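Pasting work_5.tsv here (TSV, C-alpha atoms and all ligand atoms):
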chain	number	residue	atom	x	y	z
A	1	TYR	CA	-16.99	-43.26	-12.71
A	2	GLY	CA	-16.25	-45.52	-15.63
A	3	ALA	CA	-12.59	-45.87	-16.45
A	4	GLY	CA	-13.60	-48.16	-19.25
A	5	GLY	CA	-10.59	-50.32	-18.58
A	6	GLY	CA	-12.69	-53.43	-18.52
A	7	GLY	CA	-13.65	-53.12	-22.19
A	8	TYR	CA	-15.04	-56.32	-23.57
A	9	GLY	CA	-15.04	-55.22	-27.19
A	10	GLY	CA	-11.99	-55.35	-29.35
A	11	HIS	CA	-10.28	-58.40	-30.71
A	12	GLY	CA	-10.73	-61.98	-29.68
A	13	TYR	CA	-13.84	-62.38	-27.55
A	14	SER	CA	-12.25	-65.27	-25.72
A	15	GLU	CA	-13.78	-67.82	-23.40
A	16	GLU	CA	-12.11	-66.12	-20.44
A	17	ARG	CA	-13.72	-62.84	-21.33
A	18	SER	CA	-17.16	-64.38	-21.63
A	19	SER	CA	-16.62	-66.05	-18.25
A	20	ALA	CA	-15.63	-62.70	-16.76
A	21	ARG	CA	-18.76	-61.21	-18.34
A	22	ARG	CA	-20.90	-63.94	-16.75
A	23	VAL	CA	-19.41	-63.14	-13.37
A	24	ALA	CA	-20.00	-59.41	-13.92
A	25	ASP	CA	-23.60	-59.96	-15.09
A	26	HIS	CA	-24.30	-62.23	-12.16
A	27	TYR	CA	-23.19	-59.61	-9.63
A	28	SER	CA	-24.75	-56.71	-11.54
A	29	ALA	CA	-28.11	-58.46	-11.55
A	30	ARG	CA	-28.15	-59.02	-7.79
A	31	SER	CA	-30.38	-56.28	-6.45
A	32	ASN	CA	-29.90	-54.61	-3.10
A	33	GLN	CA	-31.79	-56.55	-0.45
A	34	THR	CA	-34.14	-54.92	2.03
A	35	LEU	CA	-33.18	-55.30	5.67
A	36	GLU	CA	-36.01	-57.80	6.10
A	37	GLU	CA	-34.91	-59.91	3.13
A	38	ARG	CA	-31.38	-59.90	4.51
A	39	GLU	CA	-32.46	-61.05	7.97
A	40	ASN	CA	-34.50	-63.88	6.40
A	41	SER	CA	-31.58	-65.11	4.31
A	42	PRO	CA	-30.64	-68.79	4.92
A	43	ILE	CA	-27.03	-67.63	5.21
A	44	ILE	CA	-27.56	-64.50	7.30
A	45	HIS	CA	-25.13	-65.67	10.00
A	46	LEU	CA	-22.50	-66.59	7.43
A	47	LYS	CA	-22.82	-63.08	5.95
A	48	LYS	CA	-22.33	-61.65	9.43
A	49	LEU	CA	-19.34	-63.90	10.02
A	50	ASN	CA	-17.82	-62.78	6.70
A	51	ASN	CA	-18.36	-59.17	7.71
A	52	TRP	CA	-16.70	-59.84	11.05
A	53	ILE	CA	-13.65	-61.37	9.33
A	54	LYS	CA	-13.34	-58.40	6.95
A	55	SER	CA	-13.75	-55.97	9.87
A	56	VAL	CA	-11.01	-57.72	11.86
A	57	LEU	CA	-8.64	-57.61	8.86
A	58	ILE	CA	-9.35	-53.91	8.35
A	59	GLN	CA	-8.95	-53.08	12.03
A	60	LEU	CA	-5.67	-55.00	12.17
A	61	TYR	CA	-4.09	-53.50	9.06
A	62	ALA	CA	-5.64	-50.09	8.29
A	63	HIS	CA	-4.47	-46.86	9.91
A	64	PRO	CA	-6.14	-43.47	10.26
A	65	GLY	CA	-5.58	-41.37	7.16
A	66	ASP	CA	-4.76	-44.37	4.94
A	67	CYS	CA	-5.34	-44.25	1.23
A	68	VAL	CA	-7.41	-47.37	0.38
A	69	LEU	CA	-7.82	-49.30	-2.87
A	70	ASP	CA	-10.77	-51.71	-2.73
A	71	LEU	CA	-10.52	-54.09	-5.70
A	72	ALA	CA	-13.85	-55.77	-6.62
A	73	CYS	CA	-15.55	-53.52	-4.07
A	74	GLY	CA	-19.04	-54.72	-5.03
A	75	LYS	CA	-21.90	-52.65	-3.62
A	76	GLY	CA	-19.63	-50.99	-1.07
A	77	GLY	CA	-20.49	-53.30	1.80
A	78	ASP	CA	-17.15	-52.44	3.41
A	79	LEU	CA	-17.49	-48.62	3.28
A	80	ILE	CA	-18.63	-48.46	6.91
A	81	LYS	CA	-15.73	-50.65	8.02
A	82	TRP	CA	-13.25	-48.28	6.34
A	83	ASP	CA	-15.01	-45.32	7.91
A	84	LYS	CA	-14.62	-46.86	11.35
A	85	ALA	CA	-10.91	-47.24	10.63
A	86	LYS	CA	-10.87	-43.46	9.89
A	87	VAL	CA	-9.19	-43.86	6.51
A	88	GLY	CA	-8.41	-40.73	4.51
A	89	TYR	CA	-9.32	-41.67	0.94
A	90	TYR	CA	-11.07	-44.56	-0.78
A	91	VAL	CA	-11.00	-45.86	-4.35
A	92	GLY	CA	-13.36	-48.72	-5.21
A	93	VAL	CA	-13.17	-50.66	-8.48
A	94	ASP	CA	-15.58	-53.32	-9.71
A	95	ILE	CA	-16.41	-54.92	-13.04
A	96	ALA	CA	-20.18	-54.94	-12.38
A	97	GLU	CA	-21.77	-51.64	-13.36
A	98	GLY	CA	-24.88	-52.30	-11.27
A	99	SER	CA	-22.72	-52.87	-8.18
A	100	ILE	CA	-20.74	-49.67	-8.75
A	101	LYS	CA	-24.03	-47.74	-9.03
A	102	ASP	CA	-25.27	-49.29	-5.79
A	103	CYS	CA	-21.94	-48.49	-4.18
A	104	MET	CA	-22.25	-44.87	-5.26
A	105	THR	CA	-25.78	-44.69	-3.83
A	106	ARG	CA	-24.55	-46.14	-0.57
A	107	TYR	CA	-21.65	-43.70	-0.44
A	108	ASN	CA	-23.88	-40.70	-1.16
A	109	GLY	CA	-26.50	-41.89	1.32
A	110	ASP	CA	-29.88	-43.01	0.07
A	111	THR	CA	-32.00	-41.11	2.60
A	112	ASP	CA	-31.97	-37.47	3.74
A	113	GLN	CA	-30.95	-38.55	7.20
A	114	GLN	CA	-28.00	-40.54	5.88
A	115	ARG	CA	-27.03	-37.73	3.54
A	116	ARG	CA	-26.51	-35.34	6.45
A	117	LYS	CA	-23.73	-37.42	8.01
A	118	LYS	CA	-22.15	-39.96	5.76
A	119	PHE	CA	-18.60	-40.98	5.17
A	120	SER	CA	-15.80	-38.81	6.37
A	121	PHE	CA	-13.47	-39.66	3.49
A	122	PRO	CA	-13.63	-38.65	-0.19
A	123	ALA	CA	-14.11	-41.57	-2.58
A	124	ARG	CA	-13.73	-42.43	-6.22
A	125	LEU	CA	-15.58	-45.35	-7.82
A	126	ILE	CA	-14.55	-46.94	-11.08
A	127	CYS	CA	-16.12	-49.63	-13.26
A	128	ALA	CA	-13.32	-51.77	-14.69
A	129	ASP	CA	-12.02	-55.31	-14.96
A	130	CYS	CA	-9.32	-55.34	-12.26
A	131	TYR	CA	-7.69	-58.40	-13.82
A	132	GLU	CA	-7.57	-57.11	-17.39
A	133	ALA	CA	-7.02	-53.35	-17.16
A	134	ARG	CA	-3.75	-51.67	-16.25
A	135	LEU	CA	-5.18	-49.85	-13.27
A	136	ASP	CA	-2.05	-47.77	-12.73
A	137	GLU	CA	-2.92	-45.93	-15.97
A	138	HIS	CA	-6.25	-44.88	-14.47
A	139	LEU	CA	-5.13	-44.31	-10.91
A	140	TYR	CA	-1.76	-42.60	-11.27
A	141	GLU	CA	-3.16	-39.49	-9.57
A	142	ASP	CA	-4.47	-41.51	-6.61
A	143	ALA	CA	-1.48	-43.79	-6.05
A	144	PRO	CA	0.39	-44.85	-4.07
A	145	PHE	CA	-2.07	-46.59	-1.77
A	146	ASP	CA	-1.28	-47.61	1.82
A	147	ILE	CA	-3.60	-50.57	1.76
A	148	CYS	CA	-5.30	-52.63	-0.92
A	149	SER	CA	-8.22	-54.97	-0.21
A	150	CYS	CA	-9.74	-57.64	-2.42
A	151	GLN	CA	-12.55	-59.43	-0.61
A	152	PHE	CA	-14.11	-62.65	-1.94
A	153	ALA	CA	-12.99	-61.88	-5.49
A	154	LEU	CA	-9.33	-62.62	-6.25
A	155	HIS	CA	-10.18	-66.16	-7.40
A	156	TYR	CA	-11.97	-64.66	-10.42
A	157	SER	CA	-8.52	-63.69	-11.69
A	158	TRP	CA	-7.21	-67.28	-11.87
A	159	SER	CA	-9.01	-68.10	-15.11
A	160	THR	CA	-5.74	-67.49	-16.99
A	161	GLU	CA	-2.14	-66.81	-16.09
A	162	ALA	CA	-2.34	-63.39	-17.79
A	163	ARG	CA	-5.27	-62.32	-15.59
A	164	ALA	CA	-3.74	-63.67	-12.38
A	165	ARG	CA	-0.55	-61.76	-13.22
A	166	GLN	CA	-2.41	-58.55	-14.11
A	167	ALA	CA	-4.23	-58.69	-10.76
A	168	LEU	CA	-0.94	-58.89	-8.85
A	169	ALA	CA	0.80	-56.39	-11.15
A	170	ASN	CA	-1.98	-53.88	-10.42
A	171	VAL	CA	-1.70	-54.37	-6.67
A	172	SER	CA	2.08	-54.14	-6.74
A	173	ALA	CA	2.17	-51.05	-8.99
A	174	LEU	CA	-0.32	-49.17	-6.84
A	175	LEU	CA	0.82	-50.03	-3.30
A	176	ARG	CA	3.56	-48.02	-1.62
A	177	PRO	CA	6.63	-49.91	-0.35
A	178	GLY	CA	5.59	-51.51	2.95
A	179	GLY	CA	1.90	-51.20	2.01
A	180	VAL	CA	-0.38	-54.17	2.71
A	181	PHE	CA	-2.71	-56.26	0.56
A	182	ILE	CA	-5.51	-57.92	2.54
A	183	GLY	CA	-8.09	-60.32	1.18
A	184	THR	CA	-10.32	-63.35	1.41
A	185	MET	CA	-10.84	-66.11	-1.15
A	186	PRO	CA	-11.71	-69.81	-1.43
A	187	ASP	CA	-9.26	-72.20	0.23
A	188	ALA	CA	-8.20	-74.50	-2.63
A	189	ASN	CA	-6.80	-77.11	-0.23
A	190	VAL	CA	-10.21	-77.60	1.35
A	191	ILE	CA	-12.07	-77.58	-1.97
A	192	ILE	CA	-9.78	-80.19	-3.56
A	193	LYS	CA	-9.86	-82.31	-0.38
A	194	ARG	CA	-13.68	-82.24	-0.42
A	195	LEU	CA	-13.71	-83.15	-4.12
A	196	ARG	CA	-11.44	-86.15	-3.50
A	197	GLU	CA	-13.56	-87.32	-0.57
A	198	THR	CA	-16.71	-87.35	-2.65
A	199	ASP	CA	-17.66	-90.17	-5.08
A	200	GLY	CA	-18.75	-87.96	-7.94
A	201	MET	CA	-17.73	-84.53	-9.15
A	202	GLU	CA	-20.11	-82.56	-6.97
A	203	PHE	CA	-20.35	-81.91	-3.23
A	204	GLY	CA	-22.11	-79.51	-0.90
A	205	ASN	CA	-24.80	-79.23	1.74
A	206	GLY	CA	-28.14	-77.49	2.28
A	207	VAL	CA	-26.80	-74.04	1.42
A	208	TYR	CA	-24.09	-74.59	-1.20
A	209	TRP	CA	-22.82	-76.90	-3.91
A	210	ILE	CA	-19.60	-77.05	-5.92
A	211	SER	CA	-19.43	-78.97	-9.18
A	212	PHE	CA	-16.33	-79.82	-11.26
A	213	GLY	CA	-16.52	-80.85	-14.91
A	214	GLU	CA	-15.71	-84.39	-16.12
A	215	GLU	CA	-12.37	-83.13	-17.47
A	216	TYR	CA	-11.17	-83.33	-13.85
A	217	ALA	CA	-12.54	-86.86	-13.30
A	218	GLU	CA	-9.07	-88.05	-12.23
A	219	LYS	CA	-9.10	-85.34	-9.58
A	220	LYS	CA	-5.49	-84.53	-10.33
A	221	PHE	CA	-4.31	-80.94	-10.62
A	222	PRO	CA	-0.68	-80.77	-11.77
A	223	ALA	CA	1.27	-77.75	-10.52
A	224	SER	CA	2.43	-77.20	-14.11
A	225	ARG	CA	-1.14	-76.19	-15.09
A	226	PRO	CA	-2.44	-74.15	-12.16
A	227	PHE	CA	-4.66	-71.66	-14.03
A	228	GLY	CA	-8.13	-72.06	-15.46
A	229	ILE	CA	-9.26	-74.84	-13.10
A	230	LYS	CA	-12.93	-73.99	-13.23
A	231	TYR	CA	-15.82	-75.17	-11.04
A	232	LYS	CA	-19.38	-74.03	-10.60
A	233	PHE	CA	-20.22	-72.54	-7.24
A	234	HIS	CA	-23.71	-72.09	-5.90
A	235	LEU	CA	-24.32	-70.47	-2.52
A	236	GLU	CA	-27.96	-69.93	-1.55
A	237	ASP	CA	-28.94	-66.30	-1.74
A	238	ALA	CA	-25.45	-65.16	-2.74
A	239	VAL	CA	-23.44	-66.70	-5.58
A	240	ASP	CA	-24.17	-68.75	-8.67
A	241	CYS	CA	-21.34	-68.50	-11.16
A	242	PRO	CA	-18.07	-70.03	-12.38
A	243	GLU	CA	-15.05	-69.74	-10.11
A	244	TRP	CA	-11.43	-70.80	-10.39
A	245	VAL	CA	-9.20	-72.77	-8.02
A	246	VAL	CA	-6.28	-70.75	-6.61
A	247	PRO	CA	-3.58	-73.18	-5.37
A	248	PHE	CA	-2.34	-71.08	-2.49
A	249	HIS	CA	1.33	-72.13	-2.52
A	250	LEU	CA	1.52	-71.11	-6.19
A	251	PHE	CA	-0.33	-67.87	-5.49
A	252	LYS	CA	2.31	-67.11	-2.85
A	253	LEU	CA	5.14	-67.78	-5.33
A	254	LEU	CA	3.51	-65.69	-8.05
A	255	ALA	CA	2.91	-62.81	-5.62
A	256	GLU	CA	6.62	-62.85	-4.73
A	257	GLU	CA	7.42	-62.17	-8.39
A	258	TYR	CA	5.51	-58.92	-7.90
A	259	ASP	CA	7.33	-58.00	-4.69
A	260	LEU	CA	4.41	-59.04	-2.52
A	261	GLU	CA	5.48	-61.15	0.46
A	262	LEU	CA	3.15	-63.36	2.44
A	263	VAL	CA	2.52	-62.11	5.99
A	264	LEU	CA	-0.44	-64.26	6.98
A	265	THR	CA	-2.80	-66.90	5.66
A	266	LYS	CA	-5.51	-68.57	7.71
A	267	ASN	CA	-8.51	-70.70	6.90
A	268	PHE	CA	-11.66	-69.01	8.24
A	269	HIS	CA	-12.10	-71.64	10.99
A	270	GLU	CA	-8.60	-70.96	12.29
A	271	PHE	CA	-9.12	-67.22	11.87
A	272	VAL	CA	-12.29	-67.30	13.97
A	273	HIS	CA	-10.72	-69.41	16.72
A	274	GLU	CA	-7.66	-67.17	16.90
A	275	TYR	CA	-9.21	-63.70	16.78
A	276	LEU	CA	-12.22	-64.52	18.96
A	277	GLN	CA	-9.69	-64.79	21.80
A	278	LYS	CA	-9.22	-61.04	21.60
A	279	PRO	CA	-11.84	-59.23	23.70
A	280	GLU	CA	-12.38	-56.36	21.24
A	281	PHE	CA	-13.07	-58.77	18.37
A	282	ALA	CA	-15.26	-61.03	20.55
A	283	GLU	CA	-17.29	-57.93	21.42
A	284	LEU	CA	-17.62	-57.06	17.73
A	285	MET	CA	-18.80	-60.62	17.02
A	286	ARG	CA	-21.37	-60.32	19.81
A	287	ARG	CA	-22.66	-57.07	18.33
A	288	LEU	CA	-22.88	-58.54	14.82
A	289	GLY	CA	-24.66	-61.62	16.18
A	290	ALA	CA	-23.00	-64.23	13.97
A	291	LEU	CA	-21.81	-66.55	16.72
A	292	GLY	CA	-24.02	-65.86	19.71
A	293	ASP	CA	-21.92	-64.87	22.67
A	294	GLY	CA	-18.60	-65.36	20.99
A	295	ARG	CA	-18.49	-69.15	20.69
A	296	GLN	CA	-19.69	-71.33	17.89
A	297	ASP	CA	-23.34	-71.67	18.74
A	298	GLN	CA	-25.72	-73.78	16.67
A	299	SER	CA	-28.67	-71.52	17.52
A	300	THR	CA	-27.03	-68.84	15.41
A	301	LEU	CA	-24.60	-69.98	12.69
A	302	SER	CA	-25.89	-73.31	11.31
A	303	GLN	CA	-23.61	-76.31	10.76
A	304	ASP	CA	-24.13	-75.88	7.01
A	305	GLU	CA	-23.01	-72.24	7.19
A	306	TRP	CA	-20.00	-73.17	9.34
A	307	GLU	CA	-18.99	-75.72	6.67
A	308	VAL	CA	-19.13	-72.98	4.04
A	309	ALA	CA	-16.86	-70.81	6.21
A	310	TYR	CA	-14.31	-73.66	6.07
A	311	LEU	CA	-14.12	-73.21	2.27
A	312	TYR	CA	-12.44	-69.80	2.65
A	313	LEU	CA	-9.17	-68.31	3.80
A	314	ALA	CA	-7.91	-64.85	4.68
A	315	PHE	CA	-4.52	-63.60	3.52
A	316	VAL	CA	-2.22	-60.63	4.05
A	317	LEU	CA	0.70	-59.73	1.78
A	318	ARG	CA	3.15	-56.86	2.13
A	319	LYS	CA	4.82	-54.88	-0.67
A	320	ARG	CA	8.58	-55.16	-0.33
A	321	GLY	CA	10.61	-52.10	0.57
A	322	GLN	CA	10.77	-49.56	3.33
A	323	PRO	CA	7.80	-47.29	3.98
A	324	PRO	CA	8.71	-43.65	3.34
A	325	SER	CA	9.92	-42.01	6.56
A	326	GLN	CA	7.45	-39.66	8.30
B	401	LIG	N1	-15.67	-57.27	-2.18
B	401	LIG	C1	-17.12	-57.17	-2.04
B	401	LIG	C2	-17.55	-57.66	-0.67
B	401	LIG	O1	-16.76	-58.29	0.02
B	401	LIG	O2	-18.70	-57.39	-0.30
B	401	LIG	C3	-17.84	-57.94	-3.15
B	401	LIG	C4	-17.59	-59.42	-3.17
B	401	LIG	S1	-18.53	-60.30	-4.41
B	401	LIG	C5	-18.53	-61.93	-3.75
B	401	LIG	C6	-17.37	-60.45	-5.73
B	401	LIG	C7	-17.18	-59.16	-6.50
B	401	LIG	O3	-16.11	-59.32	-7.42
B	401	LIG	C8	-18.40	-58.74	-7.31
B	401	LIG	O4	-18.77	-57.43	-6.97
B	401	LIG	C9	-17.91	-58.83	-8.76
B	401	LIG	O5	-18.53	-57.91	-9.62
B	401	LIG	C10	-16.42	-58.54	-8.55
B	401	LIG	N2	-15.56	-58.99	-9.65
B	401	LIG	C11	-15.50	-60.21	-10.21
B	401	LIG	N3	-14.60	-60.22	-11.22
B	401	LIG	C12	-14.08	-58.97	-11.28
B	401	LIG	C13	-13.11	-58.36	-12.11
B	401	LIG	N4	-12.53	-59.04	-13.09
B	401	LIG	N5	-12.80	-57.05	-11.90
B	401	LIG	C14	-13.42	-56.35	-10.93
B	401	LIG	N6	-14.36	-56.88	-10.11
B	401	LIG	C15	-14.67	-58.17	-10.28

Can you turn what I pasted into structure tokens?
Amino acid sequence: YGAGGGGYGGHGYSEERSSARRVADHYSARSNQTLEERENSPIIHLKKLNNWIKSVLIQLYAHPGDCVLDLACGKGGDLIKWDKAKVGYYVGVDIAEGSIKDCMTRYNGDTDQQRRKKFSFPARLICADCYEARLDEHLYEDAPFDICSCQFALHYSWSTEARARQALANVSALLRPGGVFIGTMPDANVIIKRLRETDGMEFGNGVYWISFGEEYAEKKFPASRPFGIKYKFHLEDAVDCPEWVVPFHLFKLLAEEYDLELVLTKNFHEFVHEYLQKPEFAELMRRLGALGDGRQDQSTLSQDEWEVAYLYLAFVLRKRGQPPSQ
């Protein structure tokens, strides 16, 4: 691994780059949790809910044999989900070296037992900044991809217009016509609504807080300046770093410039209500144990965790053009 595309050296060590570095260092430093630590996490049910949402997206949009590009793949938490979808090839890219190493360990299996039967697809893992590097230069032998996924990470590209554009340019260049781009990210409408409802510049609950700087004291966010709207996000036992607002209607317009058309967008609350109606997904939820027997149940997911879920949305975009005929 190590395409080196992320390179932080070179000219102009800008504020955006140091912010990207902070994000990378934050995720690199997060060690793999033991099973016990994970089960004792104050947001264990939220993590399970997030996994359920990602699984549903993958089951809805991936097909057997698909070639998958997982942008900001992290420690490879979705490898098993892709395996269940019987995909044919997997490429994972992340800026955090530590995460890519953990992902490689997970892929190779960290015990003898796991090593005997692991993933049925070949994989390639690359350490690079997905929003800075021209990924098509590194992945021309692997492209085109049938499906691209970017889970809980696309908002890190909205620090500047150039990065937001590079993210979409990469997806568009690497997807085949008709290929899909699935993802999850913060729901800017909810975040801005919460900010306006609060007296100060900070809001949250027992498991998270979001804090905006005084430069946004008027709580106005003109559409003419949609990039670089930074806030600090803290989620117990998960995240503690700068993030950027992604105004979704502008994201949709920008994506269209790169031939990516919106198929679906749903806040997590709506997503849960809709897909829990389907027996196969309700069964998966029951097995994961995030929401008890398939309904919102306070004995499992806490109210605080459910409020965090409301801060996120899922999206699906499709690359314009006809898929190649079989
Ligand atoms: N997608 C994984 C998942 O759902 O488990 C990881 C999500 S984690 C919340 C966010 C990930 O985005 C981290 O692994 C981080 O290193 C990665 N990331 C942030 N900025 C990135 C960038 N510019 N290029 C590549 N990866 C990035």

#### Entry: Residue neighbourhood Leu311 in chain A, 9 Å, only C-alpha atoms, exclusion window fewer than 3 positions, as an MDAnalysis selection string
chainID A and resid 185:191 267:268 307:308

Output of the above residues as a compact mmCIF listing (two decimals), in the coordinates of the input, restricted to C-alpha atoms:
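After the write, selection25.txt holds the following:
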# COMPACT_ATOMS: atom_id res chain seq x y z
CA MET A 185 -10.84 -66.11 -1.15
CA PRO A 186 -11.71 -69.81 -1.43
CA ASP A 187 -9.26 -72.20 0.23
CA ALA A 188 -8.20 -74.50 -2.63
CA ASN A 189 -6.80 -77.11 -0.23
CA VAL A 190 -10.21 -77.60 1.35
CA ILE A 191 -12.07 -77.58 -1.97
CA ASN A 267 -8.51 -70.70 6.90
CA PHE A 268 -11.66 -69.01 8.24
CA GLU A 307 -18.99 -75.72 6.67
CA VAL A 308 -19.13 -72.98 4.04

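One distance worth recording is that between atom N4 of ligand LIG 401 (chain B) and CA of Tyr131 in chain A, which is 4.9 Å.
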
For chain A versus ligand LIG 401 (chain B), which residues have an atom no more than 6 Å away, and what is each residue's nearest atom pair and distance in Å rounded to one decimal, using only C-alpha atoms and all ligand atoms, chain-then-number order, as a tab-separated table?
residue	atom	partner	partner_atom	distance
A:Val23	CA	B:LIG401	C11	5.8
A:Ala24	CA	B:LIG401	O5	4.8
A:Tyr27	CA	B:LIG401	O5	5.0
A:Ala72	CA	B:LIG401	N6	3.7
A:Cys73	CA	B:LIG401	N1	4.2
A:Gly74	CA	B:LIG401	O4	3.3
A:Gly77	CA	B:LIG401	O2	4.9
A:Asp94	CA	B:LIG401	N6	3.8
A:Ile95	CA	B:LIG401	C14	3.9
A:Ala96	CA	B:LIG401	O5	4.4
A:Ala128	CA	B:LIG401	C14	5.9
A:Asp129	CA	B:LIG401	N5	3.6
A:Cys130	CA	B:LIG401	N5	3.9
A:Tyr131	CA	B:LIG401	N4	4.9
A:Cys150	CA	B:LIG401	N1	5.9
A:Gln151	CA	B:LIG401	N1	4.1
A:Phe152	CA	B:LIG401	C5	4.8
A:Ala153	CA	B:LIG401	O3	4.5
A:Tyr156	CA	B:LIG401	N3	5.2

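Taking CA of Phe315 in chain A and CA of Gly183 in chain A as endpoints, the distance between them is 5.4 Å.
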
### Query
Do you know which residues are at most 12 Å from Lys84 in chain A counting all atoms listed in the file, after dropping those on the same chain fewer than 6 positions away, and could you put them as a PyMOL selection string?
chain A and resi 55-56+58-59+62-65+78+118-121

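Each of A:Tyr231, A:Tyr258, A:Phe203, A:Trp306 was compared to Glu215 in chain A using all atoms listed in the file, and A:Tyr231 turns out to be the nearest.
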
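Restricting the calculation to all atoms listed in the file, the smallest distance between Phe233 in chain A and any of A:His45, A:His155, A:Lys193, A:Lys75 is found for A:His155.
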
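Residues in contact range of Ala255 in chain A, defined as at most 12 Å between only C-alpha atoms, with sequence neighbours fewer than 2 positions away removed, read Ala164, Arg165, Gln166, Ala167, Leu168, Ala169, Asn170, Val171, Ser172, Phe181, Phe248, His249, Leu250, Phe251, Lys252, Leu253, Glu257, Tyr258, Asp259, Leu260, Glu261, Leu262, Val263, Phe315, Val316, Leu317, Arg318, Lys319 and Arg320 of chain A.
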
N, CA, C and O atoms restored at range 233-246 of chain A, emitted as an mmCIF file, keeping the file's coordinate frame:
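Writing done, so here's result-v1.cif:
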data_model
loop_
_atom_site.group_PDB
_atom_site.id
_atom_site.type_symbol
_atom_site.label_atom_id
_atom_site.label_comp_id
_atom_site.auth_asym_id
_atom_site.auth_seq_id
_atom_site.Cartn_x
_atom_site.Cartn_y
_atom_site.Cartn_z
ATOM 1 N N PHE A 233 -19.952 -72.740 -8.665
ATOM 2 C CA PHE A 233 -20.220 -72.540 -7.240
ATOM 3 C C PHE A 233 -21.616 -71.964 -7.077
ATOM 4 O O PHE A 233 -21.965 -70.976 -7.715
ATOM 5 N N HIS A 234 -22.385 -72.622 -6.234
ATOM 6 C CA HIS A 234 -23.710 -72.090 -5.900
ATOM 7 C C HIS A 234 -23.799 -71.939 -4.390
ATOM 8 O O HIS A 234 -23.572 -72.894 -3.644
ATOM 9 N N LEU A 235 -24.082 -70.712 -3.946
ATOM 10 C CA LEU A 235 -24.320 -70.470 -2.520
ATOM 11 C C LEU A 235 -25.680 -69.799 -2.427
ATOM 12 O O LEU A 235 -25.907 -68.751 -3.052
ATOM 13 N N GLU A 236 -26.593 -70.445 -1.691
ATOM 14 C CA GLU A 236 -27.960 -69.930 -1.550
ATOM 15 C C GLU A 236 -27.937 -68.438 -1.285
ATOM 16 O O GLU A 236 -27.197 -67.976 -0.408
ATOM 17 N N ASP A 237 -28.749 -67.715 -2.005
ATOM 18 C CA ASP A 237 -28.940 -66.300 -1.740
ATOM 19 C C ASP A 237 -27.654 -65.468 -1.847
ATOM 20 O O ASP A 237 -27.523 -64.443 -1.190
ATOM 21 N N ALA A 238 -26.691 -65.937 -2.636
ATOM 22 C CA ALA A 238 -25.450 -65.160 -2.740
ATOM 23 C C ALA A 238 -24.764 -65.318 -4.095
ATOM 24 O O ALA A 238 -24.650 -64.345 -4.848
ATOM 25 N N VAL A 239 -24.306 -66.518 -4.393
ATOM 26 C CA VAL A 239 -23.440 -66.700 -5.580
ATOM 27 C C VAL A 239 -23.972 -67.835 -6.447
ATOM 28 O O VAL A 239 -24.444 -68.852 -5.926
ATOM 29 N N ASP A 240 -23.856 -67.663 -7.754
ATOM 30 C CA ASP A 240 -24.170 -68.750 -8.670
ATOM 31 C C ASP A 240 -23.408 -68.489 -9.964
ATOM 32 O O ASP A 240 -23.955 -67.979 -10.932
ATOM 33 N N CYS A 241 -22.124 -68.765 -9.950
ATOM 34 C CA CYS A 241 -21.340 -68.500 -11.160
ATOM 35 C C CYS A 241 -20.035 -69.300 -11.167
ATOM 36 O O CYS A 241 -19.689 -69.939 -10.181
ATOM 37 N N PRO A 242 -19.330 -69.280 -12.320
ATOM 38 C CA PRO A 242 -18.070 -70.030 -12.380
ATOM 39 C C PRO A 242 -16.999 -69.389 -11.497
ATOM 40 O O PRO A 242 -16.954 -68.165 -11.365
ATOM 41 N N GLU A 243 -16.180 -70.236 -10.906
ATOM 42 C CA GLU A 243 -15.050 -69.740 -10.110
ATOM 43 C C GLU A 243 -13.814 -70.560 -10.488
ATOM 44 O O GLU A 243 -13.936 -71.594 -11.143
ATOM 45 N N TRP A 244 -12.658 -70.118 -10.043
ATOM 46 C CA TRP A 244 -11.430 -70.800 -10.390
ATOM 47 C C TRP A 244 -10.618 -71.131 -9.134
ATOM 48 O O TRP A 244 -10.544 -70.297 -8.198
ATOM 49 N N VAL A 245 -10.035 -72.325 -9.141
ATOM 50 C CA VAL A 245 -9.200 -72.770 -8.020
ATOM 51 C C VAL A 245 -7.929 -71.908 -7.979
ATOM 52 O O VAL A 245 -7.322 -71.653 -9.014
ATOM 53 N N VAL A 246 -7.551 -71.476 -6.779
ATOM 54 C CA VAL A 246 -6.280 -70.750 -6.610
ATOM 55 C C VAL A 246 -5.385 -71.573 -5.675
ATOM 56 O O VAL A 246 -5.525 -71.493 -4.451
#
